[in-house]
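See structure below.
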Amino acid sequence: MSESFTAPKGTRDVLPPESARWQALIAEFAGRLNRAGYGLVQTPLFEDLAVFERVGESTDVVRKEMYDFEDKGGRRLALRPEGTAGVVRAFVQHRPTTPWKVWYVTPNFRYESPQAGRYRQHFQLGAEAMGTDDPEIDVEVITLAWQLYRALGLQRVVLLLNSLGDPQCRPPYFETLREYLREHRRDLCDEHRDRLDEAPLRVLDCKRAACRKATADAPRMVDHLCDDCRAHFEQVKAGLGRLGIDFAIETRLVRGLDYYTRTTFEFQASALDAAQNAVGGGGRYDLLAEALGGPPTPGIGFGMGIERILLACDAEGVFPAPEAAVDVWVVDLTDSGAALELSHQLRDAGVATDRAFGGRSAKAQMKAANRSGARLAVIIGEQELTDATVTVRDLRADREQETVPRDKLIDRLQELLHP
Ligand code: HAM
């Protein structure tokens, strides 16, 4: 017997009917983003390693979890761990006019310890808006994400909001924070005892009990914002308030990537376990374009995990897999190849149609038609073939049937399917 294989650890296959939910979710997202003036962006699944190194030298995502490799030409590359870096790299390369508003749906790769809702390949729906620091674009971006959760029927998703300041107010705040952390060094977890000087914000983000306790009274960025950042944050909050979007200020929210400035946010699903309850997150990255060699260009965006959104939908009992059945099943009782012709004609005319294969008996074909969930069977027997007609049978209700001329079939099917 030959060796058999399963999908690599931490990855999943998504098959019908579950995949119909993915399709519906992506379509809902794409429709909403298109209606707000965002266009689809596609960037390569791998980039120069340095593109990703710029976005998170102090983060686990970049330091520990990256799928990096050398290609046959000796280039150092990495599979994307997240969507923003590649999009900003593309912006810097092509210099589109601003504001530049784009969306994407893409797999991301992180070498994590797999568990429910945490995978080594996960998919994100994402959006980025570059070229303006108008607080109203922050409100727009956050609102687009928020409205998607609501459109899916999710009620128990909360929005957490913070501001991480800018190059003016961050350095003095970092110094104040470092001083506090040094005083509490003994109480921090092992990792952060050693790294507090290099990445003080990461300590606030640490989920370990020791760090949590030791930083309970740590100085907070929101109390140290400069005037511009404070005014910006106030306007973001006011805009969200105007649109009736509830949020909670979470002063520990620093996010798992290094590029954030000013507005940061996360959506948490209270129906999920705390370790994997982030169903989306994002923020401003006003310095990233420059870090990637471009002109100073502010930007803001978010990414939302498809797998986690669907887990949250399961937990709340909303957004079931849509009905994937075709409308019509062609049953061919002749040897004439009529099913081949007819099924393609109907599909081409916009009627969702399927059929059985392998010259099955009339009984087996009718069974397949019934099992398929199709509304109607279009049956061709010898008599129908001679008369250039078909028999249309209702498979759901009273199983009524009628004879329809072949050249009137498409019109009649449309009437029956969309009365
Ligand atoms: P992130 O918070 O690292 O942000 O990921 C965004 C979302 O992806 C998370 O909220 C979560 O739903 C999902 N996610 C992350 N890692 C995993 C995983 N291992 N398994 C399953 N789902 C996961 C970013 O990636 C930023 N690029 C977001 C952004 C866009 N910021 C600005 N623009």
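Residues in the structure tokens are numbered from 1 in each chain, the chains being A, B, ... in the order shown, and ligands are numbered from 1 in the order shown.
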
Just list the residues in stretch 17-144 of chain A DSSP gives helix (DSSP H, G or I) on the backbone, as a CSV table (one decimal) with all heavy atoms, in the first residue's frame.
```csv
chain,number,residue,atom,x,y,z
A,18,GLU,N,-19.4,23.4,3.9
A,18,GLU,CA,-18.8,24.5,4.7
A,18,GLU,C,-18.3,25.6,3.9
A,18,GLU,O,-18.4,26.8,4.2
A,18,GLU,CB,-17.8,23.9,5.6
A,18,GLU,CG,-16.9,24.9,6.4
A,18,GLU,CD,-17.7,25.7,7.5
A,18,GLU,OE1,-18.9,25.4,7.7
A,18,GLU,OE2,-17.1,26.6,8.1
A,19,SER,N,-17.7,25.2,2.7
A,19,SER,CA,-17.1,26.2,1.9
A,19,SER,C,-18.1,27.2,1.3
A,19,SER,O,-17.7,28.4,1.0
A,19,SER,CB,-16.3,25.6,0.7
A,19,SER,OG,-17.2,24.7,0.0
A,20,ALA,N,-19.4,26.8,1.3
A,20,ALA,CA,-20.4,27.8,0.8
A,20,ALA,C,-20.5,28.9,1.8
A,20,ALA,O,-20.8,30.1,1.4
A,20,ALA,CB,-21.7,27.1,0.7
A,21,ARG,N,-20.3,28.7,3.1
A,21,ARG,CA,-20.3,29.7,4.1
A,21,ARG,C,-19.1,30.7,3.8
A,21,ARG,O,-19.2,31.9,4.0
A,21,ARG,CB,-20.1,29.1,5.4
A,21,ARG,CG,-21.3,28.9,6.2
A,21,ARG,CD,-20.8,28.3,7.5
A,21,ARG,NE,-21.3,29.0,8.6
A,21,ARG,CZ,-20.8,28.8,9.8
A,21,ARG,NH1,-19.9,27.9,10.1
A,21,ARG,NH2,-21.3,29.5,10.8
A,22,TRP,N,-18.0,30.1,3.5
A,22,TRP,CA,-16.8,31.0,3.2
A,22,TRP,C,-17.1,31.9,2.0
A,22,TRP,O,-16.8,33.1,2.1
A,22,TRP,CB,-15.6,30.1,2.8
A,22,TRP,CG,-14.9,29.5,4.0
A,22,TRP,CD1,-15.4,28.7,5.0
A,22,TRP,CD2,-13.5,29.7,4.4
A,22,TRP,NE1,-14.5,28.3,5.9
A,22,TRP,CE2,-13.3,28.9,5.6
A,22,TRP,CE3,-12.5,30.4,3.8
A,22,TRP,CZ2,-12.1,28.9,6.2
A,22,TRP,CZ3,-11.2,30.4,4.5
A,22,TRP,CH2,-11.0,29.6,5.6
A,23,GLN,N,-17.7,31.3,1.0
A,23,GLN,CA,-18.0,32.0,-0.2
A,23,GLN,C,-19.0,33.1,0.1
A,23,GLN,O,-18.8,34.3,-0.4
A,23,GLN,CB,-18.6,31.0,-1.2
A,23,GLN,CG,-18.5,31.4,-2.6
A,23,GLN,CD,-19.1,30.4,-3.6
A,23,GLN,OE1,-19.2,29.2,-3.2
A,23,GLN,NE2,-19.6,30.9,-4.7
A,24,ALA,N,-20.0,32.8,0.9
A,24,ALA,CA,-21.0,33.9,1.3
A,24,ALA,C,-20.4,35.0,2.1
A,24,ALA,O,-20.7,36.2,1.9
A,24,ALA,CB,-22.2,33.2,2.0
A,25,LEU,N,-19.5,34.6,3.0
A,25,LEU,CA,-18.8,35.6,3.9
A,25,LEU,C,-17.9,36.5,3.0
A,25,LEU,O,-18.0,37.7,3.2
A,25,LEU,CB,-18.0,34.9,4.9
A,25,LEU,CG,-17.1,35.8,5.8
A,25,LEU,CD1,-17.9,36.8,6.5
A,25,LEU,CD2,-16.3,34.9,6.8
A,26,ILE,N,-17.2,35.9,2.1
A,26,ILE,CA,-16.3,36.7,1.3
A,26,ILE,C,-17.1,37.6,0.4
A,26,ILE,O,-16.7,38.8,0.2
A,26,ILE,CB,-15.3,35.8,0.5
A,26,ILE,CG1,-14.4,35.0,1.4
A,26,ILE,CG2,-14.5,36.6,-0.6
A,26,ILE,CD1,-13.6,33.9,0.8
A,27,ALA,N,-18.2,37.1,-0.2
A,27,ALA,CA,-19.0,37.9,-1.1
A,27,ALA,C,-19.6,39.1,-0.3
A,27,ALA,O,-19.7,40.2,-0.8
A,27,ALA,CB,-20.1,37.1,-1.7
A,28,GLU,N,-20.1,38.8,0.9
A,28,GLU,CA,-20.7,39.9,1.8
A,28,GLU,C,-19.6,41.0,2.0
A,28,GLU,O,-19.9,42.2,1.9
A,28,GLU,CB,-21.1,39.3,3.1
A,28,GLU,CG,-21.7,40.3,4.1
A,28,GLU,CD,-23.1,40.8,3.7
A,28,GLU,OE1,-23.9,40.0,3.1
A,28,GLU,OE2,-23.4,42.0,3.9
A,29,PHE,N,-18.4,40.6,2.4
A,29,PHE,CA,-17.3,41.5,2.6
A,29,PHE,C,-17.0,42.3,1.4
A,29,PHE,O,-16.9,43.5,1.4
A,29,PHE,CB,-16.1,40.7,3.1
A,29,PHE,CG,-14.9,41.6,3.5
A,29,PHE,CD1,-14.9,42.3,4.7
A,29,PHE,CD2,-13.8,41.6,2.7
A,29,PHE,CE1,-13.8,43.1,5.0
A,29,PHE,CE2,-12.7,42.4,3.0
A,29,PHE,CZ,-12.7,43.2,4.2
A,30,ALA,N,-16.8,41.6,0.3
A,30,ALA,CA,-16.4,42.2,-1.0
A,30,ALA,C,-17.4,43.3,-1.4
A,30,ALA,O,-17.1,44.4,-1.8
A,30,ALA,CB,-16.2,41.2,-2.1
A,31,GLY,N,-18.7,42.9,-1.3
A,31,GLY,CA,-19.8,43.8,-1.6
A,31,GLY,C,-19.7,45.1,-0.8
A,31,GLY,O,-19.8,46.2,-1.3
A,32,ARG,N,-19.6,44.9,0.5
A,32,ARG,CA,-19.5,46.1,1.4
A,32,ARG,C,-18.3,47.0,1.1
A,32,ARG,O,-18.4,48.2,1.1
A,32,ARG,CB,-19.5,45.6,2.9
A,32,ARG,CG,-20.8,45.0,3.3
A,32,ARG,CD,-20.7,44.4,4.7
A,32,ARG,NE,-22.1,44.1,4.9
A,32,ARG,CZ,-23.0,45.0,5.5
A,32,ARG,NH1,-22.6,46.1,5.9
A,32,ARG,NH2,-24.2,44.7,5.6
A,33,LEU,N,-17.2,46.4,0.9
A,33,LEU,CA,-16.0,47.2,0.7
A,33,LEU,C,-16.0,47.9,-0.7
A,33,LEU,O,-15.7,49.0,-0.8
A,33,LEU,CB,-14.7,46.3,0.8
A,33,LEU,CG,-14.1,46.1,2.2
A,33,LEU,CD1,-13.4,47.5,2.6
A,33,LEU,CD2,-15.1,45.8,3.3
A,34,ASN,N,-16.5,47.2,-1.7
A,34,ASN,CA,-16.7,47.8,-3.0
A,34,ASN,C,-17.6,49.0,-2.9
A,34,ASN,O,-17.3,50.1,-3.5
A,34,ASN,CB,-17.2,46.8,-4.0
A,34,ASN,CG,-16.2,45.8,-4.5
A,34,ASN,OD1,-16.5,44.7,-5.0
A,34,ASN,ND2,-14.9,46.1,-4.4
A,35,ARG,N,-18.7,48.8,-2.2
A,35,ARG,CA,-19.7,49.9,-2.1
A,35,ARG,C,-19.1,51.1,-1.3
A,35,ARG,O,-19.6,52.2,-1.4
A,35,ARG,CB,-21.0,49.5,-1.4
A,35,ARG,CG,-21.8,48.5,-2.2
A,35,ARG,CD,-23.2,48.4,-1.7
A,35,ARG,NE,-23.3,47.8,-0.4
A,35,ARG,CZ,-23.3,46.5,-0.2
A,35,ARG,NH1,-23.1,45.6,-1.2
A,35,ARG,NH2,-23.4,46.0,1.0
A,49,LEU,N,12.2,38.7,2.7
A,49,LEU,CA,12.1,38.6,4.2
A,49,LEU,C,12.1,40.0,4.9
A,49,LEU,O,11.4,40.2,5.8
A,49,LEU,CB,13.3,37.7,4.7
A,49,LEU,CG,13.4,37.5,6.1
A,49,LEU,CD1,12.2,36.7,6.7
A,49,LEU,CD2,14.6,36.7,6.4
A,50,ALA,N,12.9,40.9,4.3
A,50,ALA,CA,13.1,42.2,5.0
A,50,ALA,C,11.8,43.0,5.0
A,50,ALA,O,11.6,43.8,6.0
A,50,ALA,CB,14.2,43.0,4.2
A,51,VAL,N,10.9,42.8,4.1
A,51,VAL,CA,9.6,43.5,4.1
A,51,VAL,C,8.9,43.2,5.4
A,51,VAL,O,8.3,44.0,6.1
A,51,VAL,CB,8.7,43.1,2.9
A,51,VAL,CG1,7.3,43.6,3.0
A,51,VAL,CG2,9.4,43.6,1.6
A,52,PHE,N,8.9,41.9,5.8
A,52,PHE,CA,8.2,41.5,7.0
A,52,PHE,C,9.0,41.9,8.3
A,52,PHE,O,8.4,42.2,9.3
A,52,PHE,CB,7.8,40.0,7.0
A,52,PHE,CG,6.9,39.7,5.8
A,52,PHE,CD1,7.3,38.7,4.9
A,52,PHE,CD2,5.7,40.3,5.6
A,52,PHE,CE1,6.5,38.4,3.8
A,52,PHE,CE2,4.9,40.0,4.6
A,52,PHE,CZ,5.3,39.1,3.7
A,53,GLU,N,10.3,41.8,8.1
A,53,GLU,CA,11.1,42.1,9.3
A,53,GLU,C,10.9,43.5,9.8
A,53,GLU,O,10.8,43.8,11.0
A,53,GLU,CB,12.6,41.9,9.0
A,53,GLU,CG,12.9,40.4,9.1
A,53,GLU,CD,14.4,40.1,8.6
A,53,GLU,OE1,15.0,40.9,7.9
A,53,GLU,OE2,14.9,39.0,9.0
A,60,ASP,N,6.4,38.2,18.2
A,60,ASP,CA,6.4,36.8,18.0
A,60,ASP,C,6.2,36.4,16.6
A,60,ASP,O,6.8,35.5,16.0
A,60,ASP,CB,5.4,36.1,18.9
A,60,ASP,CG,5.8,36.0,20.3
A,60,ASP,OD1,6.9,36.5,20.6
A,60,ASP,OD2,5.0,35.6,21.2
A,61,VAL,N,5.2,37.2,16.0
A,61,VAL,CA,4.9,36.9,14.6
A,61,VAL,C,6.1,36.8,13.7
A,61,VAL,O,6.3,36.0,12.8
A,61,VAL,CB,3.8,37.9,14.1
A,61,VAL,CG1,3.5,37.7,12.6
A,61,VAL,CG2,2.5,37.8,14.9
A,62,VAL,N,7.0,37.8,13.9
A,62,VAL,CA,8.2,37.9,13.0
A,62,VAL,C,9.4,37.1,13.6
A,62,VAL,O,10.1,36.4,12.9
A,62,VAL,CB,8.5,39.4,12.8
A,62,VAL,CG1,9.9,39.5,12.1
A,62,VAL,CG2,7.4,40.1,12.0
A,63,ARG,N,9.6,37.2,14.9
A,63,ARG,CA,10.8,36.6,15.5
A,63,ARG,C,10.7,35.1,15.6
A,63,ARG,O,11.7,34.4,15.4
A,63,ARG,CB,11.0,37.1,16.9
A,63,ARG,CG,11.5,38.6,16.9
A,63,ARG,CD,11.5,39.1,18.4
A,63,ARG,NE,12.3,38.4,19.3
A,63,ARG,CZ,11.9,37.9,20.4
A,63,ARG,NH1,10.7,37.9,20.8
A,63,ARG,NH2,12.8,37.2,21.2
A,84,THR,N,-0.7,43.4,5.8
A,84,THR,CA,-0.5,44.8,5.6
A,84,THR,C,0.9,45.2,4.9
A,84,THR,O,1.0,46.0,4.1
A,84,THR,CB,-0.5,45.5,7.0
A,84,THR,OG1,-1.8,45.1,7.6
A,84,THR,CG2,-0.5,47.0,6.8
A,85,ALA,N,1.9,44.4,5.3
A,85,ALA,CA,3.3,44.7,4.9
A,85,ALA,C,3.3,44.7,3.3
A,85,ALA,O,3.9,45.6,2.7
A,85,ALA,CB,4.3,43.8,5.5
A,86,GLY,N,2.8,43.6,2.7
A,86,GLY,CA,2.8,43.5,1.3
A,86,GLY,C,2.0,44.6,0.6
A,86,GLY,O,2.5,45.1,-0.5
A,87,VAL,N,0.9,45.0,1.2
A,87,VAL,CA,0.1,46.0,0.6
A,87,VAL,C,0.9,47.4,0.6
A,87,VAL,O,0.9,48.1,-0.4
A,87,VAL,CB,-1.3,46.1,1.3
A,87,VAL,CG1,-2.0,47.4,0.8
A,87,VAL,CG2,-2.1,44.9,1.0
A,88,VAL,N,1.5,47.6,1.7
A,88,VAL,CA,2.3,48.9,1.8
A,88,VAL,C,3.5,48.8,0.9
A,88,VAL,O,3.8,49.8,0.2
A,88,VAL,CB,2.6,49.2,3.3
A,88,VAL,CG1,3.5,50.5,3.4
A,88,VAL,CG2,1.4,49.4,4.1
A,89,ARG,N,4.1,47.7,0.8
A,89,ARG,CA,5.2,47.5,-0.2
A,89,ARG,C,4.7,47.8,-1.6
A,89,ARG,O,5.4,48.6,-2.3
A,89,ARG,CB,5.8,46.1,0.0
A,89,ARG,CG,7.2,45.9,-0.7
A,89,ARG,CD,7.1,45.4,-2.2
A,89,ARG,NE,6.1,44.3,-2.3
A,89,ARG,CZ,5.3,44.2,-3.4
A,89,ARG,NH1,5.2,45.2,-4.3
A,89,ARG,NH2,4.5,43.2,-3.5
A,90,ALA,N,3.6,47.3,-1.9
A,90,ALA,CA,3.0,47.6,-3.3
A,90,ALA,C,2.7,49.1,-3.5
A,90,ALA,O,2.9,49.6,-4.5
A,90,ALA,CB,1.7,46.7,-3.5
A,91,PHE,N,2.2,49.7,-2.4
A,91,PHE,CA,1.9,51.1,-2.5
A,91,PHE,C,3.2,51.9,-2.8
A,91,PHE,O,3.2,52.8,-3.7
A,91,PHE,CB,1.3,51.6,-1.2
A,91,PHE,CG,1.1,53.1,-1.1
A,91,PHE,CD1,0.0,53.7,-1.6
A,91,PHE,CD2,2.1,53.9,-0.6
A,91,PHE,CE1,-0.2,55.1,-1.6
A,91,PHE,CE2,2.0,55.3,-0.6
A,91,PHE,CZ,0.8,55.9,-1.1
A,92,VAL,N,4.2,51.6,-2.1
A,92,VAL,CA,5.5,52.3,-2.2
A,92,VAL,C,6.1,52.0,-3.6
A,92,VAL,O,6.6,52.9,-4.3
A,92,VAL,CB,6.5,51.8,-1.1
A,92,VAL,CG1,7.9,52.3,-1.4
A,92,VAL,CG2,6.1,52.3,0.2
A,93,GLN,N,5.9,50.8,-4.1
A,93,GLN,CA,6.4,50.5,-5.5
A,93,GLN,C,5.6,51.2,-6.6
A,93,GLN,O,6.2,51.7,-7.5
A,93,GLN,CB,6.3,49.0,-5.7
A,93,GLN,CG,6.9,48.5,-7.0
A,93,GLN,CD,6.9,47.0,-7.1
A,93,GLN,OE1,6.9,46.3,-6.1
A,93,GLN,NE2,6.9,46.5,-8.3
A,94,HIS,N,4.3,51.3,-6.5
A,94,HIS,CA,3.5,51.8,-7.6
A,94,HIS,C,3.0,53.2,-7.4
A,94,HIS,O,2.5,53.8,-8.4
A,94,HIS,CB,2.3,50.9,-7.8
A,94,HIS,CG,2.7,49.5,-8.1
A,94,HIS,ND1,3.2,49.0,-9.2
A,94,HIS,CD2,2.7,48.4,-7.3
A,94,HIS,CE1,3.5,47.7,-9.2
A,94,HIS,NE2,3.2,47.3,-8.0
A,135,PRO,N,-9.3,61.7,10.8
A,135,PRO,CA,-9.9,60.7,11.8
A,135,PRO,C,-11.1,60.1,11.2
A,135,PRO,O,-11.5,59.0,11.6
A,135,PRO,CB,-10.2,61.5,13.0
A,135,PRO,CG,-9.8,62.9,12.7
A,135,PRO,CD,-9.1,63.0,11.4
A,136,GLU,N,-11.8,60.7,10.2
A,136,GLU,CA,-13.0,60.1,9.7
A,136,GLU,C,-12.7,58.9,8.9
A,136,GLU,O,-13.6,58.0,8.7
A,136,GLU,CB,-13.8,61.1,8.8
A,136,GLU,CG,-14.4,62.2,9.7
A,136,GLU,CD,-15.5,63.0,9.1
A,136,GLU,OE1,-15.9,62.7,7.9
A,136,GLU,OE2,-15.9,64.0,9.7
A,137,ILE,N,-11.5,58.7,8.4
A,137,ILE,CA,-11.1,57.5,7.7
A,137,ILE,C,-10.9,56.3,8.7
A,137,ILE,O,-11.3,55.2,8.5
A,137,ILE,CB,-9.9,57.6,6.7
A,137,ILE,CG1,-9.9,56.4,5.7
A,137,ILE,CG2,-8.6,57.6,7.5
A,137,ILE,CD1,-10.5,56.7,4.4
A,138,ASP,N,-10.5,56.7,9.9
A,138,ASP,CA,-10.4,55.7,11.0
A,138,ASP,C,-11.8,55.2,11.3
A,138,ASP,O,-12.0,54.0,11.4
A,138,ASP,CB,-9.8,56.3,12.3
A,138,ASP,CG,-8.4,56.9,12.1
A,138,ASP,OD1,-8.2,57.6,11.1
A,138,ASP,OD2,-7.5,56.7,12.9
A,139,VAL,N,-12.7,56.2,11.4
A,139,VAL,CA,-14.1,55.8,11.7
A,139,VAL,C,-14.7,55.0,10.6
A,139,VAL,O,-15.3,53.9,10.8
A,139,VAL,CB,-15.0,57.1,11.9
A,139,VAL,CG1,-16.4,56.7,12.2
A,139,VAL,CG2,-14.4,57.9,13.1
A,140,GLU,N,-14.4,55.3,9.3
A,140,GLU,CA,-14.9,54.5,8.2
A,140,GLU,C,-14.4,53.1,8.3
A,140,GLU,O,-15.2,52.1,8.1
A,140,GLU,CB,-14.4,55.2,6.9
A,140,GLU,CG,-14.8,54.3,5.7
A,140,GLU,CD,-14.5,55.1,4.4
A,140,GLU,OE1,-15.2,56.1,4.1
A,140,GLU,OE2,-13.7,54.6,3.5
A,141,VAL,N,-13.1,52.9,8.5
A,141,VAL,CA,-12.5,51.6,8.5
A,141,VAL,C,-13.1,50.7,9.6
A,141,VAL,O,-13.5,49.6,9.4
A,141,VAL,CB,-11.0,51.7,8.6
A,141,VAL,CG1,-10.3,50.5,9.0
A,141,VAL,CG2,-10.4,52.2,7.2
A,142,ILE,N,-13.2,51.3,10.8
A,142,ILE,CA,-13.7,50.6,11.9
A,142,ILE,C,-15.1,50.2,11.7
A,142,ILE,O,-15.6,49.1,12.0
A,142,ILE,CB,-13.5,51.4,13.2
A,142,ILE,CG1,-12.0,51.6,13.5
A,142,ILE,CG2,-14.2,50.7,14.4
A,142,ILE,CD1,-11.7,52.6,14.7
A,143,THR,N,-15.9,51.2,11.1
A,143,THR,CA,-17.3,50.9,10.9
A,143,THR,C,-17.6,49.8,9.9
A,143,THR,O,-18.5,49.0,10.1
A,143,THR,CB,-18.0,52.3,10.5
A,143,THR,OG1,-17.7,53.2,11.4
A,143,THR,CG2,-19.5,52.1,10.3
A,144,LEU,N,-16.7,49.8,8.9
A,144,LEU,CA,-16.9,48.7,7.8
A,144,LEU,C,-16.8,47.3,8.5
A,144,LEU,O,-17.5,46.4,8.2
A,144,LEU,CB,-15.9,48.9,6.7
A,144,LEU,CG,-16.2,50.1,5.8
A,144,LEU,CD1,-15.1,50.4,4.9
A,144,LEU,CD2,-17.5,49.8,4.9
```

Determine which residues of stretch 91-249 of chain A receive a DSSP assignment of strand (DSSP E), computed from the backbone, and state them as a CSV table (one decimal) with N, CA, C and O atoms, in the first residue's frame.
```
chain,number,residue,atom,x,y,z
A,100,TRP,N,-5.8,55.9,-1.2
A,100,TRP,CA,-5.8,54.6,-1.8
A,100,TRP,C,-6.5,53.6,-0.9
A,100,TRP,O,-6.0,53.4,0.2
A,101,LYS,N,-7.6,53.1,-1.4
A,101,LYS,CA,-8.4,52.3,-0.5
A,101,LYS,C,-8.6,50.9,-1.1
A,101,LYS,O,-9.1,50.8,-2.3
A,102,VAL,N,-8.1,49.9,-0.4
A,102,VAL,CA,-8.1,48.5,-1.0
A,102,VAL,C,-8.5,47.5,0.0
A,102,VAL,O,-8.5,47.7,1.2
A,103,TRP,N,-9.0,46.3,-0.5
A,103,TRP,CA,-9.3,45.2,0.3
A,103,TRP,C,-8.7,43.9,-0.2
A,103,TRP,O,-8.3,43.9,-1.4
A,104,TYR,N,-8.6,42.9,0.6
A,104,TYR,CA,-8.0,41.6,0.2
A,104,TYR,C,-8.6,40.5,1.0
A,104,TYR,O,-9.2,40.7,2.1
A,105,VAL,N,-8.5,39.3,0.4
A,105,VAL,CA,-8.8,38.1,1.1
A,105,VAL,C,-7.6,37.1,0.9
A,105,VAL,O,-7.3,36.9,-0.3
A,106,THR,N,-7.0,36.7,1.9
A,106,THR,CA,-5.7,36.0,1.7
A,106,THR,C,-5.3,35.1,2.8
A,106,THR,O,-5.7,35.3,4.0
A,107,PRO,N,-4.6,34.0,2.5
A,107,PRO,CA,-4.1,33.1,3.6
A,107,PRO,C,-2.8,33.8,4.2
A,107,PRO,O,-2.1,34.5,3.5
A,108,ASN,N,-2.6,33.6,5.5
A,108,ASN,CA,-1.4,34.0,6.1
A,108,ASN,C,-0.8,32.8,6.9
A,108,ASN,O,-1.5,31.9,7.3
A,109,PHE,N,0.5,32.9,7.1
A,109,PHE,CA,1.2,31.7,7.6
A,109,PHE,C,2.0,32.1,8.9
A,109,PHE,O,2.8,33.1,8.8
A,121,GLN,N,-1.9,28.1,9.0
A,121,GLN,CA,-2.4,28.9,7.8
A,121,GLN,C,-3.8,29.3,8.2
A,121,GLN,O,-4.7,28.5,8.5
A,122,HIS,N,-4.0,30.7,8.3
A,122,HIS,CA,-5.3,31.2,8.5
A,122,HIS,C,-5.6,32.2,7.4
A,122,HIS,O,-4.7,32.7,6.8
A,123,PHE,N,-6.9,32.4,7.2
A,123,PHE,CA,-7.3,33.4,6.2
A,123,PHE,C,-7.8,34.7,6.8
A,123,PHE,O,-8.5,34.6,7.8
A,124,GLN,N,-7.5,35.8,6.1
A,124,GLN,CA,-8.0,37.1,6.6
A,124,GLN,C,-8.8,37.8,5.5
A,124,GLN,O,-8.3,37.8,4.4
A,125,LEU,N,-9.8,38.5,5.9
A,125,LEU,CA,-10.4,39.5,5.1
A,125,LEU,C,-9.8,40.8,5.6
A,125,LEU,O,-9.8,41.0,6.9
A,126,GLY,N,-9.3,41.6,4.7
A,126,GLY,CA,-8.6,42.8,5.2
A,126,GLY,C,-8.9,44.0,4.4
A,126,GLY,O,-9.3,43.9,3.2
A,127,ALA,N,-8.6,45.2,4.9
A,127,ALA,CA,-8.8,46.5,4.2
A,127,ALA,C,-7.7,47.4,4.6
A,127,ALA,O,-7.3,47.4,5.8
A,128,GLU,N,-7.2,48.2,3.7
A,128,GLU,CA,-6.2,49.2,4.1
A,128,GLU,C,-6.6,50.5,3.3
A,128,GLU,O,-7.0,50.5,2.2
A,129,ALA,N,-6.4,51.7,4.0
A,129,ALA,CA,-6.7,53.0,3.4
A,129,ALA,C,-5.5,53.8,3.7
A,129,ALA,O,-5.1,54.1,4.8
A,130,MET,N,-4.8,54.2,2.6
A,130,MET,CA,-3.6,54.9,2.7
A,130,MET,C,-3.6,56.4,2.1
A,130,MET,O,-4.3,56.6,1.2
A,157,VAL,N,-20.0,40.7,19.8
A,157,VAL,CA,-18.6,41.1,19.4
A,157,VAL,C,-18.4,42.5,19.9
A,157,VAL,O,-19.3,43.4,19.6
A,158,VAL,N,-17.4,42.7,20.7
A,158,VAL,CA,-17.2,44.1,21.2
A,158,VAL,C,-16.0,44.7,20.6
A,158,VAL,O,-15.0,44.0,20.2
A,159,LEU,N,-16.0,46.0,20.5
A,159,LEU,CA,-14.9,46.8,19.9
A,159,LEU,C,-14.1,47.4,21.0
A,159,LEU,O,-14.6,48.1,21.9
A,160,LEU,N,-12.8,47.1,21.0
A,160,LEU,CA,-11.9,47.7,22.0
A,160,LEU,C,-11.0,48.7,21.2
A,160,LEU,O,-10.6,48.4,20.1
A,161,LEU,N,-10.8,49.8,21.9
A,161,LEU,CA,-10.1,50.9,21.2
A,161,LEU,C,-9.0,51.5,22.0
A,161,LEU,O,-9.1,51.6,23.3
A,162,ASN,N,-7.9,51.9,21.4
A,162,ASN,CA,-6.8,52.5,22.1
A,162,ASN,C,-6.1,53.5,21.2
A,162,ASN,O,-6.3,53.4,19.9
A,163,SER,N,-5.2,54.4,21.7
A,163,SER,CA,-4.3,55.1,20.9
A,163,SER,C,-2.9,54.9,21.3
A,163,SER,O,-2.6,54.9,22.5
A,248,ALA,N,-15.2,50.1,23.9
A,248,ALA,CA,-14.6,50.3,25.2
A,248,ALA,C,-13.1,50.7,25.0
A,248,ALA,O,-12.5,50.1,24.1
A,249,ILE,N,-12.7,51.6,25.8
A,249,ILE,CA,-11.2,52.0,25.7
A,249,ILE,C,-10.4,50.9,26.5
A,249,ILE,O,-10.8,50.5,27.6
```

(request) Give as a ChimeraX atom specification the residues surrounding ligand 1 up to a distance of 6 Å, considering only C-alpha atoms and all ligand atoms. (result) /A:82-84,117-120,122,124,128,256,278-283,300-305,308

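Using only C-alpha atoms, the smallest distance between any of A:Leu240, A:Cys189, A:Leu181, A:Cys169 and A:His224 comes from A:Cys169.
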
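Taking atom CA of A:Val254 and atom CA of A:Leu292 as the two end points, the separation is 21.4 Å.
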
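Within the 6 Å cut-off around A:Arg110, using only C-alpha atoms and omitting residues fewer than 5 positions from it on the same chain, the listed residues are Glu65, Met66, Pro81 and Arg120 of chain A.
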
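Closest approach to A:Glu234 among A:Thr263, A:His344, A:Thr215, A:Asp332 is made by A:Thr263 (distances from only C-alpha atoms).
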
(request) With a distance cut-off of 8 Å and only C-alpha atoms, select the neighbouring residues of A:Leu333, excluding the residue or stretch itself and same-chain residues fewer than 4 positions from it, and output the selection as a VMD selection string. (result) chain A and resid 361 to 362 379 to 382

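Of note, atom CA of A:Ala397 and atom CA of A:Asn370 are spaced 11.8 Å apart.
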
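Shell of A:Leu77 at 7 Å, with only C-alpha atoms counted and residues fewer than 5 places along the chain excluded, is A:Phe46, A:Glu47, A:Asp48, A:Leu49, A:Asp68, A:Phe69, A:Glu70.
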
(request) Could you tell me which of A:Pro114, A:Pro96, A:Gly350, A:Pro16 comes closest to A:Gln414 if we count only C-alpha atoms? (result) A:Gly350

(message) Taking 6 positions as the minimum chain separation for residues in the same chain, which residues sit within 7 Å of A:Tyr259 when counting only C-alpha atoms? Answer as a VMD selection string.
(response) chain A and resid 55 to 56 285 288

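Atom CA of A:Arg406 sits 6.2 Å away from atom CA of A:Val390.
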